Amino acid sequence: MLLILLYIFIGIIALQIFYYLVVFGKFAFAKAQKITPKRIPISVIVCAKNEEENVKKFVPLLAEQNYPDFEIVLIDDASSDETLEIFEAFERQYSNIKLVKVQNNEAFWGNKKFALTLGIKAASKEYLLFTDADCYPTSKDWILNMSAQFTMHKTIVLGYGAYEKIKGSFLNKIIRFETLLTATQYFSWAKMGRPYMGVGRNLAYKREEFFRVNGFIDHMNVRSGDDDLFINQAAKGSNTTVCYTPDSFTISEPKLTWKDWFRQKRRHVSTAKLYKGFDKFQLGVYYFSQLSFILLAILLLAFQFQWMIVGGLIVFRYIFTWTTLGYAAGKLKEKDVMYWFPIIEIILIFTQLNVFFTNLISKPVHWK
């Protein structure tokens, strides 16, 4: 029996070699990205609901972008705080800001996708760049870098949405490692010609892509997924590219407590079940390989069965996974989280399992 488990263990490691070196290597070992500015007209779209403190800080950073032709479409999604009043003040201050006011609609109450649809229809430019109300760009050339990736055929651009670094917080390292791993996955599969998701914190596409799939209509009843479900439906290898230049990143404020982070993960995971069949399959196989590696390694070592071979395989596995993710972390400016890689990986694997079973019992809470 233990010999059979050893063979399975070897098969799991072979499967992980495929993921980390063949798939993830497409992004991790890619050359540094260079840009050729396009300077095409861009509408930056920001949807906010009760975000008064964040929009005070971050909207001016968007307005100060070094770009010749852009507008900012601010969407107030029926906020009950001072968000609308702040947006109105910005509209008076900046000539390129357009305000969209969303009233509570009984059919779409609390649905961010309804608010975003109104904002997209109000945008006057053909190319749309999205970020969230709690995000800010890493440089004044954010629009320039993201828009530079558009071509005649590449009409969807997947960007990187990072989280702020908090000194002394282990939770922060876990959040940023997970963000790094997720980005490595969706960047790599996009480079493989199988894009499956993007993040609304940093995402761009041409208006025609939105209307080609009738917007969010096919998943309007799902509260989350204005980014990943839309990309899963609209993106193809022929129309999708990625942007990972350091000046193209956005930064978000991370969750500060384990409880809030767990809730956020529940929302994110709840949309994955609606992905296309192949995407659900490859994500499921990857997670299965992670969980199986940990469990089989513990079991085989506990029985001290061929422990030298098992130990060598474990070391080999960590060398190629650490190397691949290390290169990816270098591209995404997240190198510091890699020092904690083995520990964080184990925490994430079992957190994911907890999220899965928790979501079976109850539904997660979505847009505020």
# chains A, B, ... in the order shown; residues from 1 in each chain; ligands from 1
>>> closest_atom_pairs(of="stretch 91-163 of chain A", to="stretch 27-38 of chain A", cutoff="9 Å", atoms="only C-alpha atoms", output="Markdown table")
| residue | atom | partner | partner_atom | distance |
| --- | --- | --- | --- | --- |
| A:Leu144 | CA | A:Pro37 | CA | 6.2 |
| A:Asn145 | CA | A:Ile35 | CA | 6.7 |
| A:Ser147 | CA | A:Lys38 | CA | 6.6 |
| A:Ala148 | CA | A:Pro37 | CA | 4.9 |
| A:Gln149 | CA | A:Ile35 | CA | 7.3 |
| A:Phe150 | CA | A:Lys38 | CA | 7.8 |
| A:Thr151 | CA | A:Lys38 | CA | 8.8 |
>>> write_last_selection(atoms="N, CA, C and O atoms", output="mmCIF file, in the first residue's frame")
data_model
loop_
_atom_site.group_PDB
_atom_site.id
_atom_site.type_symbol
_atom_site.label_atom_id
_atom_site.label_comp_id
_atom_site.auth_asym_id
_atom_site.auth_seq_id
_atom_site.Cartn_x
_atom_site.Cartn_y
_atom_site.Cartn_z
ATOM 1 N N LEU A 144 -1.016 55.052 -19.241
ATOM 2 C CA LEU A 144 -0.137 54.899 -20.392
ATOM 3 C C LEU A 144 0.335 53.458 -20.534
ATOM 4 O O LEU A 144 0.353 52.894 -21.639
ATOM 5 N N ASN A 145 0.714 52.823 -19.423
ATOM 6 C CA ASN A 145 1.214 51.447 -19.474
ATOM 7 C C ASN A 145 0.119 50.453 -19.831
ATOM 8 O O ASN A 145 0.337 49.549 -20.651
ATOM 9 N N SER A 147 -2.813 51.038 -21.378
ATOM 10 C CA SER A 147 -3.344 51.280 -22.726
ATOM 11 C C SER A 147 -2.359 50.868 -23.805
ATOM 12 O O SER A 147 -2.754 50.556 -24.934
ATOM 13 N N ALA A 148 -1.054 50.844 -23.479
ATOM 14 C CA ALA A 148 -0.039 50.487 -24.459
ATOM 15 C C ALA A 148 -0.164 49.045 -24.937
ATOM 16 O O ALA A 148 0.353 48.686 -26.008
ATOM 17 N N GLN A 149 -0.856 48.207 -24.177
ATOM 18 C CA GLN A 149 -0.980 46.791 -24.541
ATOM 19 C C GLN A 149 -2.088 46.535 -25.561
ATOM 20 O O GLN A 149 -2.161 45.450 -26.141
ATOM 21 N N PHE A 150 -2.959 47.514 -25.779
ATOM 22 C CA PHE A 150 -4.016 47.330 -26.778
ATOM 23 C C PHE A 150 -3.410 47.290 -28.183
ATOM 24 O O PHE A 150 -2.484 48.041 -28.499
ATOM 25 N N THR A 151 -3.942 46.402 -29.009
ATOM 26 C CA THR A 151 -3.590 46.366 -30.428
ATOM 27 C C THR A 151 -4.891 46.220 -31.210
ATOM 28 O O THR A 151 -5.985 46.209 -30.633
#
>>> residues_around(residues="A:Arg212", least_positions_apart="6", cutoff="12 Å", atoms="only C-alpha atoms", output="PDB file with C-alpha atoms, in the first residue's frame")
ATOM      1  CA  THR A 155      -8.868  44.248 -26.943  1.00  0.00           C
ATOM      2  CA  TYR A 205     -11.112  46.282 -22.403  1.00  0.00           C
ATOM      3  CA  LYS A 206     -12.701  47.825 -25.461  1.00  0.00           C
ATOM      4  CA  PHE A 230     -16.968  38.674 -17.452  1.00  0.00           C
ATOM      5  CA  GLN A 233     -16.965  34.679 -20.817  1.00  0.00           C
ATOM      6  CA  ALA A 234     -15.459  37.340 -23.093  1.00  0.00           C
ATOM      7  CA  ALA A 235     -11.728  36.580 -23.132  1.00  0.00           C
TER       8      ALA A 235
END
>>> residues_around(residues="stretch 48-53 of chain A", least_positions_apart="3", cutoff="6 Å", atoms="only C-alpha atoms", output="PyMOL selection string")
chain A and resi 56+76-77+79+81-83+133
>>> residues_around(residues="A:Tyr7", least_positions_apart="3", cutoff="12 Å", atoms="only C-alpha atoms", output="NGL selection string")
:A and (1-4 or 10-14 or 293 or 296-297 or 300 or 306 or 309-310 or 313)
>>> write_last_selection(atoms="C-alpha atoms", output="compact mmCIF listing (two decimals), in the first residue's frame")
# COMPACT_ATOMS: atom_id res chain seq x y z
CA MET A 1 0.00 0.00 0.00
CA LEU A 2 2.76 2.44 0.93
CA LEU A 3 4.55 1.63 -2.33
CA ILE A 4 1.40 2.55 -4.26
CA ILE A 10 5.70 10.81 -7.70
CA GLY A 11 2.79 11.32 -10.11
CA ILE A 12 1.58 14.33 -8.10
CA ILE A 13 5.03 15.90 -8.27
CA ALA A 14 5.14 15.29 -12.03
CA PHE A 293 1.36 16.67 -2.06
CA LEU A 296 1.08 12.26 1.03
CA ALA A 297 4.34 13.84 2.18
CA LEU A 300 4.96 8.78 3.87
CA GLN A 306 11.66 5.14 1.69
CA ILE A 309 13.57 9.09 -1.63
CA VAL A 310 10.53 10.88 -0.22
CA LEU A 313 11.34 14.40 -3.82
>>> select_by_dssp(residues="stretch 187-303 of chain A", states="strand (DSSP E)", output="ChimeraX atom specification")
/A:203-206,240-242,250-252
>>> closest_residue(among="A:Lys265, A:Lys280, A:His153, A:Lys140", to="A:Leu62", atoms="only C-alpha atoms")
A:Lys140
>>> atom_distance(atom1="atom CA of A:Val285", atom2="atom CA of A:Ile346")
16.7 Å
>>> closest_residue(among="A:Ser270, A:Ser95, A:Gln16, A:Asn202", to="A:Phe320", atoms="only C-alpha atoms")
A:Gln16
>>> atom_distance(atom1="atom CA of A:Phe90", atom2="atom CA of A:Ala122")
17.2 Å
>>> residues_around(residues="A:Asn359", least_positions_apart="6", cutoff="9 Å", atoms="only C-alpha atoms", output="ChimeraX atom specification")
/A:266-267,269-270
>>> write_last_selection(atoms="N, CA, C and O atoms", output="compact mmCIF listing (two decimals), in the first residue's frame")
# COMPACT_ATOMS: atom_id res chain seq x y z
N ARG A 266 -14.28 33.93 0.57
CA ARG A 266 -15.53 33.22 0.29
C ARG A 266 -16.23 33.83 -0.92
O ARG A 266 -16.77 33.10 -1.76
N ARG A 267 -16.22 35.16 -1.01
CA ARG A 267 -16.84 35.82 -2.16
C ARG A 267 -16.11 35.47 -3.45
O ARG A 267 -16.74 35.19 -4.47
N VAL A 269 -14.18 32.85 -4.16
CA VAL A 269 -14.29 31.43 -4.51
C VAL A 269 -15.68 31.09 -5.03
O VAL A 269 -15.84 30.20 -5.88
N SER A 270 -16.69 31.81 -4.55
CA SER A 270 -18.07 31.47 -4.92
C SER A 270 -18.35 31.64 -6.41
O SER A 270 -19.28 31.01 -6.94
>>> atom_distance(atom1="atom CA of A:Gly330", atom2="atom CA of A:Tyr160")
13.2 Å
>>> residues_around(residues="A:Asn172", least_positions_apart="5", cutoff="12 Å", atoms="only C-alpha atoms", output="ChimeraX atom specification")
/A:162-167,177-179,252-258,261,334,336-337,340,344
>>> select_by_dssp(residues="stretch 248-325 of chain A", states="alpha helix (DSSP H)", output="NGL selection string")
:A and (258-272 or 277-302 or 307-325)
>>> closest_residue(among="A:Arg317, A:Ile174, A:Phe278, A:Asn221", to="A:Ile349", atoms="only C-alpha atoms")
A:Ile174
>>> closest_residue(among="A:Thr182, A:Asn96, A:Thr358, A:Gln282", to="A:Gln65", atoms="only C-alpha atoms")
A:Asn96
>>> closest_residue(among="A:Ala204, A:Ala115, A:Leu6, A:Leu180", to="A:Gln103", atoms="only C-alpha atoms")
A:Ala115
>>> residues_around(residues="A:Leu158", least_positions_apart="6", cutoff="9 Å", atoms="only C-alpha atoms", output="tab-separated table (two decimals) with all heavy atoms, in the first residue's frame")
chain	number	residue	atom	x	y	z
A	146	MET	N	-1.05	50.58	-19.22
A	146	MET	CA	-2.13	49.64	-19.51
A	146	MET	C	-2.64	49.80	-20.94
A	146	MET	O	-2.87	48.82	-21.65
A	146	MET	CB	-3.27	49.84	-18.51
A	146	MET	CG	-2.98	49.32	-17.11
A	146	MET	SD	-2.82	47.51	-17.02
A	146	MET	CE	-4.54	47.01	-17.25
A	186	TYR	N	-3.37	33.49	-13.64
A	186	TYR	CA	-4.17	34.03	-14.74
A	186	TYR	C	-3.32	34.70	-15.81
A	186	TYR	O	-3.68	34.69	-16.99
A	186	TYR	CB	-5.32	34.93	-14.26
A	186	TYR	CG	-5.00	36.28	-13.66
A	186	TYR	CD1	-4.60	37.35	-14.46
A	186	TYR	CD2	-5.18	36.51	-12.30
A	186	TYR	CE1	-4.37	38.60	-13.90
A	186	TYR	CE2	-4.94	37.75	-11.74
A	186	TYR	CZ	-4.54	38.79	-12.55
A	186	TYR	OH	-4.31	40.04	-12.01
A	187	PHE	N	-2.15	35.23	-15.45
A	187	PHE	CA	-1.22	35.73	-16.47
A	187	PHE	C	-0.69	34.58	-17.33
A	187	PHE	O	-0.61	34.67	-18.55
A	187	PHE	CB	-0.04	36.45	-15.82
A	187	PHE	CG	-0.32	37.88	-15.41
A	187	PHE	CD1	0.43	38.47	-14.40
A	187	PHE	CD2	-1.31	38.63	-16.02
A	187	PHE	CE1	0.19	39.79	-14.01
A	187	PHE	CE2	-1.56	39.94	-15.64
A	187	PHE	CZ	-0.80	40.52	-14.64
A	190	ALA	N	-3.29	33.07	-19.64
A	190	ALA	CA	-3.53	34.01	-20.74
A	190	ALA	C	-2.42	33.90	-21.78
A	190	ALA	O	-2.69	33.92	-22.99
A	190	ALA	CB	-3.62	35.44	-20.20
A	197	MET	N	-9.60	34.63	-16.16
A	197	MET	CA	-10.08	35.60	-15.18
A	197	MET	C	-9.20	36.85	-15.21
A	197	MET	O	-8.12	36.86	-15.80
A	197	MET	CB	-10.09	35.03	-13.77
A	197	MET	CG	-8.72	34.77	-13.16
A	197	MET	SD	-8.73	34.65	-11.35
A	197	MET	CE	-8.91	36.38	-10.90
A	198	GLY	N	-9.70	37.90	-14.59
A	198	GLY	CA	-8.94	39.12	-14.36
A	198	GLY	C	-9.46	39.71	-13.06
A	198	GLY	O	-10.41	39.19	-12.47
A	199	VAL	N	-8.83	40.79	-12.60
A	199	VAL	CA	-9.29	41.44	-11.37
A	199	VAL	C	-9.76	42.85	-11.69
A	199	VAL	O	-9.11	43.59	-12.43
A	199	VAL	CB	-8.17	41.46	-10.31
A	199	VAL	CG1	-7.87	40.05	-9.84
A	199	VAL	CG2	-6.90	42.13	-10.82
A	202	ASN	N	-7.71	46.20	-11.64
A	202	ASN	CA	-6.82	46.63	-12.72
A	202	ASN	C	-7.13	45.81	-13.97
A	202	ASN	O	-6.56	44.75	-14.19
A	202	ASN	CB	-5.36	46.45	-12.30
A	202	ASN	CG	-4.41	47.28	-13.15
A	202	ASN	OD1	-4.81	48.03	-14.03
A	202	ASN	ND2	-3.12	47.14	-12.88
A	203	LEU	N	-8.02	46.34	-14.78
A	203	LEU	CA	-8.53	45.59	-15.92
A	203	LEU	C	-8.96	46.57	-17.01
A	203	LEU	O	-9.52	47.63	-16.70
A	203	LEU	CB	-9.72	44.74	-15.48
A	203	LEU	CG	-10.53	43.98	-16.53
A	203	LEU	CD1	-9.67	42.89	-17.16
A	203	LEU	CD2	-11.78	43.36	-15.89
A	204	ALA	N	-8.69	46.24	-18.26
A	204	ALA	CA	-9.06	47.13	-19.36
A	204	ALA	C	-9.64	46.32	-20.52
A	204	ALA	O	-9.20	45.20	-20.78
A	204	ALA	CB	-7.85	47.93	-19.84
A	205	TYR	N	-10.61	46.90	-21.18
A	205	TYR	CA	-11.11	46.28	-22.40
A	205	TYR	C	-11.84	47.31	-23.26
A	205	TYR	O	-12.23	48.39	-22.79
A	205	TYR	CB	-12.01	45.07	-22.13
A	205	TYR	CG	-13.14	45.25	-21.13
A	205	TYR	CD1	-14.36	45.83	-21.48
A	205	TYR	CD2	-13.00	44.77	-19.83
A	205	TYR	CE1	-15.40	45.94	-20.57
A	205	TYR	CE2	-14.03	44.88	-18.90
A	205	TYR	CZ	-15.23	45.47	-19.28
A	205	TYR	OH	-16.26	45.58	-18.39
A	240	THR	N	-6.94	38.65	-25.99
A	240	THR	CA	-6.52	38.99	-24.63
A	240	THR	C	-5.00	39.03	-24.50
A	240	THR	O	-4.29	38.17	-25.05
A	240	THR	CB	-7.08	37.97	-23.63
A	240	THR	OG1	-8.51	37.91	-23.77
A	240	THR	CG2	-6.74	38.34	-22.20
A	241	THR	N	-4.52	40.02	-23.76
A	241	THR	CA	-3.10	40.12	-23.44
A	241	THR	C	-2.95	40.53	-21.98
A	241	THR	O	-3.95	40.72	-21.28
A	241	THR	CB	-2.40	41.13	-24.38
A	241	THR	OG1	-0.98	41.08	-24.17
A	241	THR	CG2	-2.90	42.55	-24.13
A	242	VAL	N	-1.71	40.64	-21.53
A	242	VAL	CA	-1.45	40.96	-20.12
A	242	VAL	C	-0.52	42.15	-20.03
A	242	VAL	O	0.22	42.47	-20.97
A	242	VAL	CB	-0.84	39.75	-19.38
A	242	VAL	CG1	-1.78	38.56	-19.44
A	242	VAL	CG2	0.53	39.39	-19.94
A	243	CYS	N	-0.54	42.82	-18.88
A	243	CYS	CA	0.36	43.94	-18.62
A	243	CYS	C	0.95	43.77	-17.22
A	243	CYS	O	0.20	43.70	-16.25
A	243	CYS	CB	-0.38	45.28	-18.74
A	243	CYS	SG	0.71	46.71	-18.56
A	244	TYR	N	2.28	43.69	-17.14
A	244	TYR	CA	2.92	43.50	-15.84
A	244	TYR	C	4.12	44.42	-15.65
A	244	TYR	O	5.02	44.12	-14.87
A	244	TYR	CB	3.30	42.03	-15.63
A	244	TYR	CG	4.13	41.41	-16.73
A	244	TYR	CD1	5.52	41.47	-16.71
A	244	TYR	CD2	3.51	40.76	-17.80
A	244	TYR	CE1	6.28	40.89	-17.71
A	244	TYR	CE2	4.27	40.18	-18.80
A	244	TYR	CZ	5.65	40.25	-18.76
A	244	TYR	OH	6.40	39.68	-19.76
>>> decode(residues="stretch 126-155 of chain A", atoms="N, CA and C atoms", output="short mmCIF file (atom, residue, chain, number, x, y, z; two decimals), in the first residue's frame")
data_model
loop_
_atom_site.label_atom_id
_atom_site.label_comp_id
_atom_site.auth_asym_id
_atom_site.auth_seq_id
_atom_site.Cartn_x
_atom_site.Cartn_y
_atom_site.Cartn_z
N GLU A 126 -13.79 54.74 -26.35
CA GLU A 126 -13.96 53.36 -26.80
C GLU A 126 -13.21 52.36 -25.94
N TYR A 127 -12.16 52.82 -25.28
CA TYR A 127 -11.36 51.92 -24.46
C TYR A 127 -11.61 52.23 -22.99
N LEU A 128 -11.86 51.18 -22.20
CA LEU A 128 -12.26 51.33 -20.81
C LEU A 128 -11.20 50.73 -19.89
N LEU A 129 -10.87 51.45 -18.83
CA LEU A 129 -9.89 50.98 -17.85
C LEU A 129 -10.55 51.02 -16.47
N PHE A 130 -10.56 49.89 -15.78
CA PHE A 130 -11.30 49.76 -14.53
C PHE A 130 -10.36 49.66 -13.33
N THR A 131 -10.79 50.27 -12.23
CA THR A 131 -10.17 50.05 -10.94
C THR A 131 -11.23 50.23 -9.88
N ASP A 132 -10.90 49.88 -8.64
CA ASP A 132 -11.87 49.99 -7.55
C ASP A 132 -11.66 51.27 -6.76
N ALA A 133 -12.67 51.60 -5.97
CA ALA A 133 -12.62 52.86 -5.21
C ALA A 133 -11.56 52.84 -4.12
N ASP A 134 -11.13 51.67 -3.70
CA ASP A 134 -10.10 51.59 -2.65
C ASP A 134 -8.72 51.32 -3.23
N CYS A 135 -8.54 51.62 -4.52
CA CYS A 135 -7.27 51.38 -5.21
C CYS A 135 -6.62 52.68 -5.67
N TYR A 136 -5.32 52.63 -5.84
CA TYR A 136 -4.61 53.75 -6.44
C TYR A 136 -3.47 53.21 -7.30
N PRO A 137 -3.10 53.91 -8.36
CA PRO A 137 -2.03 53.44 -9.25
C PRO A 137 -0.66 53.66 -8.63
N THR A 138 0.30 52.84 -9.05
CA THR A 138 1.66 52.95 -8.52
C THR A 138 2.44 54.10 -9.14
N SER A 139 1.95 54.61 -10.25
CA SER A 139 2.66 55.71 -10.90
C SER A 139 1.67 56.58 -11.67
N LYS A 140 2.16 57.73 -12.13
CA LYS A 140 1.34 58.62 -12.95
C LYS A 140 1.24 58.12 -14.39
N ASP A 141 1.93 57.03 -14.69
CA ASP A 141 1.89 56.46 -16.04
C ASP A 141 1.09 55.16 -16.08
N TRP A 142 0.22 54.98 -15.13
CA TRP A 142 -0.61 53.77 -15.10
C TRP A 142 -1.46 53.63 -16.36
N ILE A 143 -2.17 54.68 -16.73
CA ILE A 143 -3.02 54.62 -17.93
C ILE A 143 -2.16 54.36 -19.16
N LEU A 144 -1.02 55.05 -19.24
CA LEU A 144 -0.14 54.90 -20.39
C LEU A 144 0.34 53.46 -20.53
N ASN A 145 0.71 52.82 -19.42
CA ASN A 145 1.21 51.45 -19.47
C ASN A 145 0.12 50.45 -19.83
N MET A 146 -1.05 50.58 -19.22
CA MET A 146 -2.13 49.64 -19.51
C MET A 146 -2.64 49.80 -20.94
N SER A 147 -2.81 51.04 -21.38
CA SER A 147 -3.34 51.28 -22.73
C SER A 147 -2.36 50.87 -23.81
N ALA A 148 -1.05 50.84 -23.48
CA ALA A 148 -0.04 50.49 -24.46
C ALA A 148 -0.16 49.04 -24.94
N GLN A 149 -0.86 48.21 -24.18
CA GLN A 149 -0.98 46.79 -24.54
C GLN A 149 -2.09 46.53 -25.56
N PHE A 150 -2.96 47.51 -25.78
CA PHE A 150 -4.02 47.33 -26.78
C PHE A 150 -3.41 47.29 -28.18
N THR A 151 -3.94 46.40 -29.01
CA THR A 151 -3.59 46.37 -30.43
C THR A 151 -4.89 46.22 -31.21
N MET A 152 -4.76 46.06 -32.51
CA MET A 152 -5.96 45.89 -33.33
C MET A 152 -6.74 44.64 -32.91
N HIS A 153 -6.02 43.61 -32.48
CA HIS A 153 -6.67 42.34 -32.12
C HIS A 153 -6.76 42.12 -30.62
N LYS A 154 -5.83 42.68 -29.85
CA LYS A 154 -5.84 42.50 -28.41
C LYS A 154 -6.68 43.60 -27.77
N THR A 155 -7.91 43.26 -27.44
CA THR A 155 -8.87 44.25 -26.94
C THR A 155 -9.23 44.04 -25.47
#
